[in-house]
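Visitor: What follows is a single structure, and I will ask about it in a moment.
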Amino acid sequence: MKKIKQFFYYLFIKKKKVTWTILSILLLAYIFCLPRPLFKKPTCIVIDDRDGNLLGASIARDGQWRFPYSDEIPEKFKSCIIEFEDRRFYSHWGVDPKGIARAISQNIRNKRIVSGGSTLTMQVIRMAREKESRNVWNKLIESIMASRMEWTYSKDEIMAYYASNAPFGGNVVGLEAAAWRYYAKKPSLLSWGEAATLAVLPNSPALIHPGRNRNALKDKRNRLLSRLLEHGEIDSITCELAMEEPLPDKPHPLPQLAPHLLHRVAYQLYYNKNKTIQKTTTTINRFYQNQSLEILKRHQERLSANAIHNACILIIDVETGEVLAYQGNMPNIKEEHSPAVDIVRAPRSTGSILKPILYASMIHEGSLLPQQLISDIPTQMGNYRPLNYYETYDGAVKADRAIIRSLNVPTIRMLQEYSVEKFKLQLQKLGMTTLNRPADDYGLTLIVGGAEGSLFDITNMYVNMARTLNHFYDYNGKYDKNDIRKANFIINNKKNKKSLQKEAPLLSAASIYETFKVMQFLERPSGENNWETFASDKRIAWKTGTSFGFRDAWAVGVTPKYAVGVWVGNADGEGRPGLVGVKAAAPILFDVFDFLPTGDWFSPPYDEMKTLEICSQSGFLAGDYCEKDSSLLPQNGIRAKVCPFHQLIQLDKEGKRVNAECYSPVEMQQKEWFVLPPLEEYFYQSKNPSYQKLPPFRQGCKDLNNTKNAPMELIYPKYAAKIFVPIDYDGKLNPSIFKATHRDEKATIHWHLNHEYIGSTEVFHEIEMAPPKGKHIITLVDHNGFEIEQEFEIMNKDDSD
């Protein structure tokens with residue numbers, strides 16, 4: 001006793017500075033002995049659906065199936081692991097003296113180490129330190145650190161760390177990974193037999209090896225179940241049933257219901273340098289995801305028969321902007337067809353899918369009315385010559401019909417009037433992120449596939465339009481600029497703040513409503529021809545698109561609740577005959593809408609609509625000489641143009657045109673007449689038999705306004721065209737067919753090439769000529785002396801190279 005007193009006197013009196021310094025260092029070492037973070041090993045990137053069920057996971061960088069830390073520990077597993085590993089877990093302070101004494105006694109009695117006496121806390125420390133050696137020194141360190149851990153973490157947190165990092169055999173680490181790998185279910189659904197099996201594994205992970213150690217594993221599990229019965233955790237029936245449960249066989253593959261979304265989430269985490277969030281709850285609806293996958297499988301055989309190997313589907317909730325289904329590619333395709341490519345976010349040629357947005361934009365600014373006639377004739381714009389899909393022309397077509405039929409020439413003329421620069425900016429504001437070049441680079445082809453867009457962006461643009469329309473009455477006729485936003489596929493509980501304003505930020509509700517109304521009437525794919533009989537249940541605004549060369553087929557549909565986007569094609573860009581939107585993509589679109597809940601149609605935004613007097617024939621605002629119709633239209637339509645086609649003409653008693661210079665004004669009969677320009681008239685009358693051409697002039701009378709009512713027009717060539725002519729077998733240029741049209745069916749047209757007479761035509765004004773290579777002038781003169789002149793250039797194949 002005296003020596004002990006002398007020892008403490010020496011330490012704390014004579015050497016007190018040294019002693020207190022050492023003690024302070026030891027205390028600091030103790031306080032900071034835990035690693036930060038506790039575990040540094042890489043984990044899997046995991047995505048769950050909106051209800052917390054596993055959608056998919058990628059293996060960790062070190063090749064282990066190690067799920068991120070989870071604080072959700074099922075009660076069954078908790079009871080099993082405490083009974084098996086650490087009965088006094090909730091009463092000790094990290095070290096269990098009784099457990100250590102018991103372990104020492106067992107080891108002496110068996111003359112070998114059969115028990116380590118480690119608590120669950122000490123095991124967590126051992127896993128965190130990654131020390132495999134279990135000697136006395138390491139046990140001492142683990143004991144000290146375990147007591148320190150008990151200061152910082154709650155018992156439930158320590159249990160969660162254990163369950164998240166314990167080895168379960170092979171490359172499976174952690175309870176959640178083990179539950180999925182061995183039982184293909186989430187931990188909360190484990191039975192007592194399954195929970196007991198997993199509880200005994202961390203103590204001997206090798207027992208899980210298929211074909212070996214099966215009896216040893218079963219015996220361990222059953223002994224644990226007997227102890228649970230003995231301590232009242234389970235009843236006898238539960239125990240017997242649990243003992244009858246089979247052991248797991250070879251590991252199950254993890255669910256991969258959204259592999260491309262998984263990769264996108266992983267990329268987003270990497271791009272944002274976010275190394276802490278490894279488990280993500282997505283907005284995916286599991287039922288919609290599975291249903292859309294089955295639809296792709298059903299269509300796979302049909303498409304692959306035509307060597308079309310890739311397709312994707314996107315479903316977005318209109319109100320929230322949440323992605324409900326994300327199928328990035330066709331399932332189960334060969335490696336040569338690029339199954340890993342996420343086509344939902346891949347930029348592809350847009351085809352005609354953007355035409356309704358141009359239509360809505362022009363209606364919004366008041367430069368277009370729905371039934372306004374747009375010119376549909378052979379057109380040359382610089383070096384660009386647009387064609388309709390069937391290479392036919394209507395002469396003039398109503399704007400809404402141009403959208404319904406997806407005609408290229410009229411929509412290109414619409415874009416020319418609206419401006420490419422303005423339309424590009426409009427698309428970018430609506431959410432199109434792939435327009436990275438100047439507007440002049442795209443030119444007028446922007447509306448017919450000259451730009452690339454992703455299915456994600458394009459579908460979301462229609463979502464933004466639908467949301468804007470839905471909220472018009474909710475916000476008392478005002479607009480929330482935050483209604484135009486990016487779709488999200490990660491659960492975000494933050495509510496978007498409203499920022500209400502009187503003016504529409506991009507598109508008015510009335511212009512969107514008018515556009516969606518027109519989009520209902522596209523020709524549906526086969527099998528849907530009688531859809532109008534149940535229109536009240538399945539009203540869908542939809543649009544298809546086909547890129548040049550039949551490389552991309554698009555279909556997008558929207559209702560007040562959902563927007564669906566579909567793309568079909570080949571990831572490598574190979575075109576295929578028949579790869580068009582209405583045949584390849586639209587059937588998939590309507591199959592998706594078949595399983596989506598139906599609902600009401602969009603409410604008309606009457607507060608933004610006005611009754612306007614419209615010309616019944618031209619669709620423009622009614623002029624003085626028009627037959628008028630009243631239509632409820634977007635109020636900005638008041639800015640539209642007045643009908644340019646109706647005019648007042650004077651007729652004699654025989655119905656021929658006259659004027660004051662050749663006929664008595666007293667005897668003239670005045671009549672309103674619908675008059676199209678000659679070229680429009682030439683094509684229009686073939687599609688509209690009721691169209692009446694202007695009557696011919698009375699003999700001796702002439703048109704006093706040649707510029708307005710030009711009687712004659714060239715059909716081909718136009719606009720200083722360059723004509724590429726093939727060379728025949730004899731080395732000479734093949735002849736070309738030149739065409740013209742005249743209002744007077746009895747007119748004679750005299751043709752001249754380079755001011756030399758070639759010939760005359762009547763009724764059908766076509767003539768064959770073979771001008772030599774180079775520039776030429778063609779001149780036409782009718783029987784009344786009206787003259788038109790046009791330059792053109794003949795080129796052969798060598799000139800085009």
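Going through the structure tokens in order, the chains are called A, B, and so on, while each chain numbers its residues from 1 and the ligands are numbered from 1 in the order shown.
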Near stretch 84-97 of chain A, counting only C-alpha atoms, which residues have an atom at most 9 Å away, once you skip same-chain residues fewer than 6 positions from it, shown as a short mmCIF file (atom, residue, chain, number, x, y, z; two decimals) with N, CA and C atoms, in the first residue's frame?

Guide:
```
data_model
loop_
_atom_site.label_atom_id
_atom_site.label_comp_id
_atom_site.auth_asym_id
_atom_site.auth_seq_id
_atom_site.Cartn_x
_atom_site.Cartn_y
_atom_site.Cartn_z
N GLY A 117 -15.67 -13.28 -27.55
CA GLY A 117 -16.21 -12.39 -26.54
C GLY A 117 -16.46 -10.98 -27.03
N SER A 118 -16.42 -10.78 -28.33
CA SER A 118 -16.62 -9.43 -28.87
C SER A 118 -18.10 -9.07 -28.87
N THR A 119 -18.37 -7.84 -28.50
CA THR A 119 -19.73 -7.32 -28.61
C THR A 119 -19.98 -6.88 -30.06
N LEU A 120 -21.23 -6.59 -30.36
CA LEU A 120 -21.53 -6.05 -31.69
C LEU A 120 -20.80 -4.75 -31.94
N THR A 121 -20.66 -3.93 -30.91
CA THR A 121 -19.94 -2.67 -31.05
C THR A 121 -18.48 -2.93 -31.41
N MET A 122 -17.84 -3.91 -30.71
CA MET A 122 -16.45 -4.25 -31.01
C MET A 122 -16.31 -4.80 -32.43
N SER A 143 -11.71 -2.76 -27.78
CA SER A 143 -12.48 -2.49 -26.57
C SER A 143 -12.51 -1.00 -26.26
N ILE A 144 -11.32 -0.38 -26.36
CA ILE A 144 -11.24 1.07 -26.07
C ILE A 144 -12.09 1.86 -27.06
N MET A 145 -11.94 1.54 -28.36
CA MET A 145 -12.68 2.28 -29.39
C MET A 145 -14.18 1.99 -29.30
N ALA A 146 -14.54 0.77 -28.90
CA ALA A 146 -15.96 0.43 -28.76
C ALA A 146 -16.60 1.26 -27.65
N SER A 147 -15.87 1.41 -26.52
CA SER A 147 -16.43 2.23 -25.45
C SER A 147 -16.59 3.68 -25.91
N ARG A 148 -15.64 4.14 -26.73
CA ARG A 148 -15.74 5.51 -27.26
C ARG A 148 -16.93 5.62 -28.23
N MET A 149 -17.16 4.58 -29.02
CA MET A 149 -18.26 4.62 -29.99
C MET A 149 -19.61 4.72 -29.29
N GLU A 150 -19.70 4.08 -28.11
CA GLU A 150 -20.96 4.12 -27.37
C GLU A 150 -21.29 5.52 -26.90
N TRP A 151 -20.27 6.38 -26.76
CA TRP A 151 -20.51 7.77 -26.38
C TRP A 151 -21.15 8.55 -27.53
N LYS A 155 -27.51 3.02 -29.70
CA LYS A 155 -27.49 1.57 -29.91
C LYS A 155 -28.07 1.20 -31.28
N ALA A 196 -32.94 -15.59 -39.42
CA ALA A 196 -32.02 -16.38 -38.61
C ALA A 196 -30.85 -16.87 -39.44
N ALA A 199 -28.53 -14.04 -39.85
CA ALA A 199 -27.91 -13.63 -38.58
C ALA A 199 -26.69 -14.47 -38.24
N VAL A 200 -26.69 -15.75 -38.64
CA VAL A 200 -25.55 -16.60 -38.29
C VAL A 200 -24.42 -16.51 -39.31
N ASN A 203 -20.80 -14.59 -38.69
CA ASN A 203 -19.89 -15.34 -37.83
C ASN A 203 -19.10 -16.37 -38.62
N LEU A 224 -30.25 -21.36 -33.35
CA LEU A 224 -30.64 -19.98 -33.05
C LEU A 224 -32.16 -19.87 -32.90
N ARG A 227 -33.20 -21.14 -29.54
CA ARG A 227 -32.93 -20.17 -28.48
C ARG A 227 -33.97 -19.04 -28.49
#
```

Visitor: Give the strand (DSSP E or B) residues of stretch 28-121 of chain A, as assigned by DSSP on the backbone, as a list in words.

Guide: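 Selecting the strand (DSSP E or B) positions of stretch 28-121 of chain A gives Ile45, Val46, Ile47, Asp48, Leu54, Leu55, Gly56, Ala57, Ser58, Trp65 and Arg66 of chain A.
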
Visitor: Leaving out stretch 649-665 of chain A and any residue of its chain fewer than 4 positions from it, which residues lie within 9 Å of it when counting only C-alpha atoms, given as a list of chain:residue names?

Guide: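 Once the nearby chain positions are removed, what remains is A:Gln669, A:Gln670, A:Lys671, A:Glu672, A:Trp673, A:Leu694, A:Pro695, A:Pro696, A:Phe697, A:Arg698, A:Gln699, A:Gly700, A:Cys701, A:Lys702, A:Asp703, A:Leu704.
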
Visitor: Could you save the residues just selected, with N, CA and C atoms, as a PDB file, in the first residue's frame?

Guide:
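This is the output file part-v3.pdb:
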```pdb
ATOM      1  N   GLN A 669     -72.293  43.893-113.321  1.00  0.00           N
ATOM      2  CA  GLN A 669     -72.725  43.165-112.130  1.00  0.00           C
ATOM      3  C   GLN A 669     -71.491  42.929-111.237  1.00  0.00           C
ATOM      4  N   GLN A 670     -71.580  43.335-109.992  1.00  0.00           N
ATOM      5  CA  GLN A 670     -70.441  43.164-109.073  1.00  0.00           C
ATOM      6  C   GLN A 670     -70.611  41.867-108.273  1.00  0.00           C
ATOM      7  N   LYS A 671     -69.481  41.170-108.092  1.00  0.00           N
ATOM      8  CA  LYS A 671     -69.539  39.884-107.386  1.00  0.00           C
ATOM      9  C   LYS A 671     -68.226  39.670-106.621  1.00  0.00           C
ATOM     10  N   GLU A 672     -68.348  39.130-105.359  1.00  0.00           N
ATOM     11  CA  GLU A 672     -67.150  38.779-104.591  1.00  0.00           C
ATOM     12  C   GLU A 672     -66.613  37.451-105.123  1.00  0.00           C
ATOM     13  N   TRP A 673     -65.273  37.368-105.200  1.00  0.00           N
ATOM     14  CA  TRP A 673     -64.658  36.155-105.779  1.00  0.00           C
ATOM     15  C   TRP A 673     -63.411  35.761-104.982  1.00  0.00           C
ATOM     16  N   LEU A 694     -61.333  32.377-111.835  1.00  0.00           N
ATOM     17  CA  LEU A 694     -61.844  33.662-112.320  1.00  0.00           C
ATOM     18  C   LEU A 694     -62.397  33.495-113.736  1.00  0.00           C
ATOM     19  N   PRO A 695     -63.546  34.095-114.018  1.00  0.00           N
ATOM     20  CA  PRO A 695     -64.060  34.042-115.396  1.00  0.00           C
ATOM     21  C   PRO A 695     -63.100  34.761-116.352  1.00  0.00           C
ATOM     22  N   PRO A 696     -63.077  34.376-117.627  1.00  0.00           N
ATOM     23  CA  PRO A 696     -62.211  35.076-118.584  1.00  0.00           C
ATOM     24  C   PRO A 696     -62.759  36.477-118.865  1.00  0.00           C
ATOM     25  N   PHE A 697     -61.898  37.331-119.395  1.00  0.00           N
ATOM     26  CA  PHE A 697     -62.333  38.676-119.744  1.00  0.00           C
ATOM     27  C   PHE A 697     -63.173  38.656-121.029  1.00  0.00           C
ATOM     28  N   ARG A 698     -64.126  39.557-121.076  1.00  0.00           N
ATOM     29  CA  ARG A 698     -64.909  39.772-122.290  1.00  0.00           C
ATOM     30  C   ARG A 698     -63.953  40.199-123.396  1.00  0.00           C
ATOM     31  N   GLN A 699     -64.227  39.780-124.587  1.00  0.00           N
ATOM     32  CA  GLN A 699     -63.363  40.132-125.718  1.00  0.00           C
ATOM     33  C   GLN A 699     -63.262  41.651-125.815  1.00  0.00           C
ATOM     34  N   GLY A 700     -62.024  42.096-125.885  1.00  0.00           N
ATOM     35  CA  GLY A 700     -61.769  43.532-125.963  1.00  0.00           C
ATOM     36  C   GLY A 700     -61.475  44.161-124.627  1.00  0.00           C
ATOM     37  N   CYS A 701     -61.620  43.387-123.537  1.00  0.00           N
ATOM     38  CA  CYS A 701     -61.312  43.900-122.198  1.00  0.00           C
ATOM     39  C   CYS A 701     -59.991  43.308-121.713  1.00  0.00           C
ATOM     40  N   LYS A 702     -59.276  44.083-120.931  1.00  0.00           N
ATOM     41  CA  LYS A 702     -58.005  43.634-120.359  1.00  0.00           C
ATOM     42  C   LYS A 702     -58.012  43.876-118.854  1.00  0.00           C
ATOM     43  N   ASP A 703     -57.200  43.076-118.154  1.00  0.00           N
ATOM     44  CA  ASP A 703     -57.033  43.255-116.711  1.00  0.00           C
ATOM     45  C   ASP A 703     -56.237  44.522-116.482  1.00  0.00           C
ATOM     46  N   LEU A 704     -56.780  45.432-115.716  1.00  0.00           N
ATOM     47  CA  LEU A 704     -56.080  46.676-115.422  1.00  0.00           C
ATOM     48  C   LEU A 704     -55.100  46.540-114.260  1.00  0.00           C
TER      49      LEU A 704
END
```

Visitor: Give me the residues near stretch 595-607 of chain A as a VMD selection string, where near means some atom within 8 Å (using only C-alpha atoms) and where sequence neighbours in that chain fewer than 6 positions away do not count.

Guide: chain A and resid 291 469 to 470 472 to 473 477 509 to 510 513 536 to 539 559 to 561

Visitor: Those residues you just picked out, can you put them in a file as an mmCIF file, in the first residue's frame with C-alpha atoms?

Guide:
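Saved file again_20.cif follows:
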```
data_model
loop_
_atom_site.group_PDB
_atom_site.id
_atom_site.type_symbol
_atom_site.label_atom_id
_atom_site.label_comp_id
_atom_site.auth_asym_id
_atom_site.auth_seq_id
_atom_site.Cartn_x
_atom_site.Cartn_y
_atom_site.Cartn_z
ATOM 1 C CA GLN A 291 -45.959 -2.328 -67.872
ATOM 2 C CA LEU A 469 -52.899 25.039 -69.552
ATOM 3 C CA ASN A 470 -54.009 23.042 -66.479
ATOM 4 C CA PHE A 472 -54.849 28.678 -66.041
ATOM 5 C CA TYR A 473 -58.028 28.579 -63.959
ATOM 6 C CA GLY A 477 -56.075 33.461 -65.342
ATOM 7 C CA ALA A 509 -53.270 28.907 -72.384
ATOM 8 C CA ALA A 510 -55.508 29.604 -75.389
ATOM 9 C CA TYR A 513 -55.522 24.580 -75.963
ATOM 10 C CA SER A 536 -64.520 10.701 -73.808
ATOM 11 C CA ASP A 537 -62.269 8.099 -72.187
ATOM 12 C CA LYS A 538 -59.184 8.412 -74.385
ATOM 13 C CA ARG A 539 -58.738 11.928 -75.644
ATOM 14 C CA THR A 559 -53.357 14.384 -71.559
ATOM 15 C CA PRO A 560 -54.097 16.616 -68.548
ATOM 16 C CA LYS A 561 -52.440 13.985 -66.320
#
```

Visitor: Quick one: residues within 12 Å of A:His364, only C-alpha atoms, excluding same-chain residues fewer than 2 positions away - as a VMD selection string?

Guide: chain A and resid 357 to 362 366 to 370 418 426 503 to 515 608 to 609 633 to 640

Visitor: Please produce a file of those selected residues containing C-alpha atoms, as a PDB file, in the first residue's frame.

Guide:
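Result went into part_25.pdb, see below:
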```pdb
ATOM      1  CA  ILE A 357     -44.908  24.007 -80.951  1.00  0.00           C
ATOM      2  CA  LEU A 358     -44.410  26.303 -83.954  1.00  0.00           C
ATOM      3  CA  TYR A 359     -48.176  26.260 -84.512  1.00  0.00           C
ATOM      4  CA  ALA A 360     -48.803  27.225 -80.867  1.00  0.00           C
ATOM      5  CA  SER A 361     -46.127  29.938 -80.988  1.00  0.00           C
ATOM      6  CA  MET A 362     -47.665  31.610 -84.033  1.00  0.00           C
ATOM      7  CA  GLY A 366     -51.485  36.359 -83.312  1.00  0.00           C
ATOM      8  CA  SER A 367     -49.751  35.801 -86.649  1.00  0.00           C
ATOM      9  CA  LEU A 368     -51.755  32.654 -87.424  1.00  0.00           C
ATOM     10  CA  LEU A 369     -55.342  31.492 -87.203  1.00  0.00           C
ATOM     11  CA  PRO A 370     -56.189  27.766 -87.022  1.00  0.00           C
ATOM     12  CA  TYR A 418     -42.113  33.341 -87.682  1.00  0.00           C
ATOM     13  CA  GLN A 426     -38.681  29.528 -77.965  1.00  0.00           C
ATOM     14  CA  GLU A 503     -48.698  37.654 -69.148  1.00  0.00           C
ATOM     15  CA  ALA A 504     -47.868  34.181 -70.390  1.00  0.00           C
ATOM     16  CA  PRO A 505     -44.087  33.635 -70.146  1.00  0.00           C
ATOM     17  CA  LEU A 506     -43.948  31.621 -73.382  1.00  0.00           C
ATOM     18  CA  LEU A 507     -47.300  30.345 -74.627  1.00  0.00           C
ATOM     19  CA  SER A 508     -50.784  31.432 -73.673  1.00  0.00           C
ATOM     20  CA  ALA A 509     -53.270  28.907 -72.384  1.00  0.00           C
ATOM     21  CA  ALA A 510     -55.508  29.604 -75.389  1.00  0.00           C
ATOM     22  CA  SER A 511     -52.749  28.891 -77.917  1.00  0.00           C
ATOM     23  CA  ILE A 512     -51.874  25.633 -76.119  1.00  0.00           C
ATOM     24  CA  TYR A 513     -55.522  24.580 -75.963  1.00  0.00           C
ATOM     25  CA  GLU A 514     -55.972  25.264 -79.674  1.00  0.00           C
ATOM     26  CA  THR A 515     -52.842  23.230 -80.435  1.00  0.00           C
ATOM     27  CA  GLU A 608     -58.397  34.197 -73.246  1.00  0.00           C
ATOM     28  CA  MET A 609     -60.733  33.527 -76.160  1.00  0.00           C
ATOM     29  CA  LEU A 633     -60.559  31.699 -81.044  1.00  0.00           C
ATOM     30  CA  PRO A 634     -57.552  32.865 -78.999  1.00  0.00           C
ATOM     31  CA  GLN A 635     -57.974  36.585 -78.480  1.00  0.00           C
ATOM     32  CA  ASN A 636     -54.576  37.389 -79.994  1.00  0.00           C
ATOM     33  CA  GLY A 637     -56.083  36.300 -83.300  1.00  0.00           C
ATOM     34  CA  ILE A 638     -57.338  39.880 -83.659  1.00  0.00           C
ATOM     35  CA  ARG A 639     -53.769  40.682 -84.788  1.00  0.00           C
ATOM     36  CA  ALA A 640     -53.945  38.252 -87.721  1.00  0.00           C
TER      37      ALA A 640
END
```

Visitor: Write out, as a tab-separated table, each residue of stretch 678-724 of chain A that has an atom at most 10 Å from stretch 763-776 of chain A, together with the closest pair of atoms and their distance in Å to one decimal, counting only C-alpha atoms, rows going by chain and rising number.

Guide:
```
residue	atom	partner	partner_atom	distance
A:Leu714	CA	A:His765	CA	9.6
A:Ile715	CA	A:Glu766	CA	9.6
A:Tyr716	CA	A:Glu766	CA	9.4
A:Ala720	CA	A:Lys775	CA	9.4
A:Ala721	CA	A:Lys775	CA	10.0
A:Lys722	CA	A:Lys775	CA	8.9
A:Ile723	CA	A:Lys773	CA	9.6
A:Phe724	CA	A:Lys773	CA	9.5
```

Visitor: I need the residues of stretch 448-651 of chain A that end up classed as helix (DSSP H, G or I) by DSSP on the backbone, written out as a PyMOL selection string.

Guide: chain A and resi 448+455-474+481-483+509-519+531-534+581-595+606-608+635-639

Visitor: Given the selection you just returned, output its residues as a file containing C-alpha atoms, formatted as a PDB file, in the first residue's frame.

Guide:
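File produced: selection-v1.pdb:
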```pdb
ATOM      1  CA  VAL A 448     -38.474  19.120 -90.215  1.00  0.00           C
ATOM      2  CA  LEU A 455     -36.850  12.186 -75.930  1.00  0.00           C
ATOM      3  CA  PHE A 456     -36.457  13.527 -72.392  1.00  0.00           C
ATOM      4  CA  ASP A 457     -36.473  17.167 -73.536  1.00  0.00           C
ATOM      5  CA  ILE A 458     -39.166  16.804 -76.178  1.00  0.00           C
ATOM      6  CA  THR A 459     -41.607  14.980 -73.900  1.00  0.00           C
ATOM      7  CA  ASN A 460     -40.950  17.516 -71.157  1.00  0.00           C
ATOM      8  CA  MET A 461     -41.737  20.440 -73.478  1.00  0.00           C
ATOM      9  CA  TYR A 462     -45.230  19.048 -74.013  1.00  0.00           C
ATOM     10  CA  VAL A 463     -45.482  18.498 -70.231  1.00  0.00           C
ATOM     11  CA  ASN A 464     -44.699  22.182 -69.670  1.00  0.00           C
ATOM     12  CA  MET A 465     -47.384  23.180 -72.159  1.00  0.00           C
ATOM     13  CA  ALA A 466     -49.983  20.915 -70.531  1.00  0.00           C
ATOM     14  CA  ARG A 467     -49.123  22.124 -67.025  1.00  0.00           C
ATOM     15  CA  THR A 468     -49.461  25.756 -68.123  1.00  0.00           C
ATOM     16  CA  LEU A 469     -52.899  25.039 -69.552  1.00  0.00           C
ATOM     17  CA  ASN A 470     -54.009  23.042 -66.479  1.00  0.00           C
ATOM     18  CA  HIS A 471     -53.127  25.880 -64.122  1.00  0.00           C
ATOM     19  CA  PHE A 472     -54.849  28.678 -66.041  1.00  0.00           C
ATOM     20  CA  TYR A 473     -58.028  28.579 -63.959  1.00  0.00           C
ATOM     21  CA  ASP A 474     -56.259  27.357 -60.824  1.00  0.00           C
ATOM     22  CA  LYS A 481     -43.254  31.031 -64.756  1.00  0.00           C
ATOM     23  CA  ASN A 482     -42.103  28.000 -62.739  1.00  0.00           C
ATOM     24  CA  ASP A 483     -44.574  25.854 -64.668  1.00  0.00           C
ATOM     25  CA  ALA A 509     -53.270  28.907 -72.384  1.00  0.00           C
ATOM     26  CA  ALA A 510     -55.508  29.604 -75.389  1.00  0.00           C
ATOM     27  CA  SER A 511     -52.749  28.891 -77.917  1.00  0.00           C
ATOM     28  CA  ILE A 512     -51.874  25.633 -76.119  1.00  0.00           C
ATOM     29  CA  TYR A 513     -55.522  24.580 -75.963  1.00  0.00           C
ATOM     30  CA  GLU A 514     -55.972  25.264 -79.674  1.00  0.00           C
ATOM     31  CA  THR A 515     -52.842  23.230 -80.435  1.00  0.00           C
ATOM     32  CA  PHE A 516     -53.862  20.240 -78.302  1.00  0.00           C
ATOM     33  CA  LYS A 517     -57.335  20.353 -79.885  1.00  0.00           C
ATOM     34  CA  VAL A 518     -55.771  19.975 -83.326  1.00  0.00           C
ATOM     35  CA  MET A 519     -53.374  17.256 -82.124  1.00  0.00           C
ATOM     36  CA  TRP A 531     -61.211   5.635 -81.378  1.00  0.00           C
ATOM     37  CA  GLU A 532     -63.741   8.464 -81.545  1.00  0.00           C
ATOM     38  CA  THR A 533     -66.435   6.065 -80.285  1.00  0.00           C
ATOM     39  CA  PHE A 534     -64.753   6.172 -76.877  1.00  0.00           C
ATOM     40  CA  GLY A 581     -43.553   7.560 -86.526  1.00  0.00           C
ATOM     41  CA  VAL A 582     -47.153   6.551 -87.162  1.00  0.00           C
ATOM     42  CA  LYS A 583     -46.264   2.913 -87.915  1.00  0.00           C
ATOM     43  CA  ALA A 584     -43.307   2.208 -85.614  1.00  0.00           C
ATOM     44  CA  ALA A 585     -43.717   4.487 -82.578  1.00  0.00           C
ATOM     45  CA  ALA A 586     -47.426   5.370 -82.395  1.00  0.00           C
ATOM     46  CA  PRO A 587     -48.642   1.800 -81.693  1.00  0.00           C
ATOM     47  CA  ILE A 588     -46.345   1.712 -78.653  1.00  0.00           C
ATOM     48  CA  LEU A 589     -47.625   5.120 -77.547  1.00  0.00           C
ATOM     49  CA  PHE A 590     -51.254   4.006 -77.570  1.00  0.00           C
ATOM     50  CA  ASP A 591     -50.435   0.749 -75.813  1.00  0.00           C
ATOM     51  CA  VAL A 592     -48.933   2.826 -73.002  1.00  0.00           C
ATOM     52  CA  PHE A 593     -51.990   5.072 -72.788  1.00  0.00           C
ATOM     53  CA  ASP A 594     -54.169   1.962 -72.655  1.00  0.00           C
ATOM     54  CA  PHE A 595     -52.914   1.114 -69.141  1.00  0.00           C
ATOM     55  CA  TYR A 606     -62.509  31.017 -72.244  1.00  0.00           C
ATOM     56  CA  ASP A 607     -61.069  34.105 -70.551  1.00  0.00           C
ATOM     57  CA  GLU A 608     -58.397  34.197 -73.246  1.00  0.00           C
ATOM     58  CA  GLN A 635     -57.974  36.585 -78.480  1.00  0.00           C
ATOM     59  CA  ASN A 636     -54.576  37.389 -79.994  1.00  0.00           C
ATOM     60  CA  GLY A 637     -56.083  36.300 -83.300  1.00  0.00           C
ATOM     61  CA  ILE A 638     -57.338  39.880 -83.659  1.00  0.00           C
ATOM     62  CA  ARG A 639     -53.769  40.682 -84.788  1.00  0.00           C
TER      63      ARG A 639
END
```

Visitor: Find the residues near A:Pro74: any atom within 12 Å, counting only C-alpha atoms, skip ones fewer than 6 places away on the same chain, and give them as a ChimeraX atom specification.

Guide: /A:80-81,156,159-160,163,175-176,179,186-192,194-196,199

Visitor: For each of A:Leu435, A:Leu446, A:Ile308, A:Ala178, take the minimum atom-to-atom distance to A:Asn165, counting only C-alpha atoms, then give the residue where this is smallest.

Guide: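 Smallest separation from A:Asn165 among the options: A:Ala178.
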
Visitor: Residues within 9 Å of A:Asp552, please, as a list in words. Count only C-alpha atoms; anything in the same chain fewer than 4 positions from it doesn't count.

Guide: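 Surrounding residues, per the criterion: Arg348, Ser349, Thr350, Gly351, Gly545, Thr546, Ser547, Phe548, Trp567, Val568, Gly569, Asn570, Gly573, Gly575, Leu579, Val580 and Gly581 of chain A.
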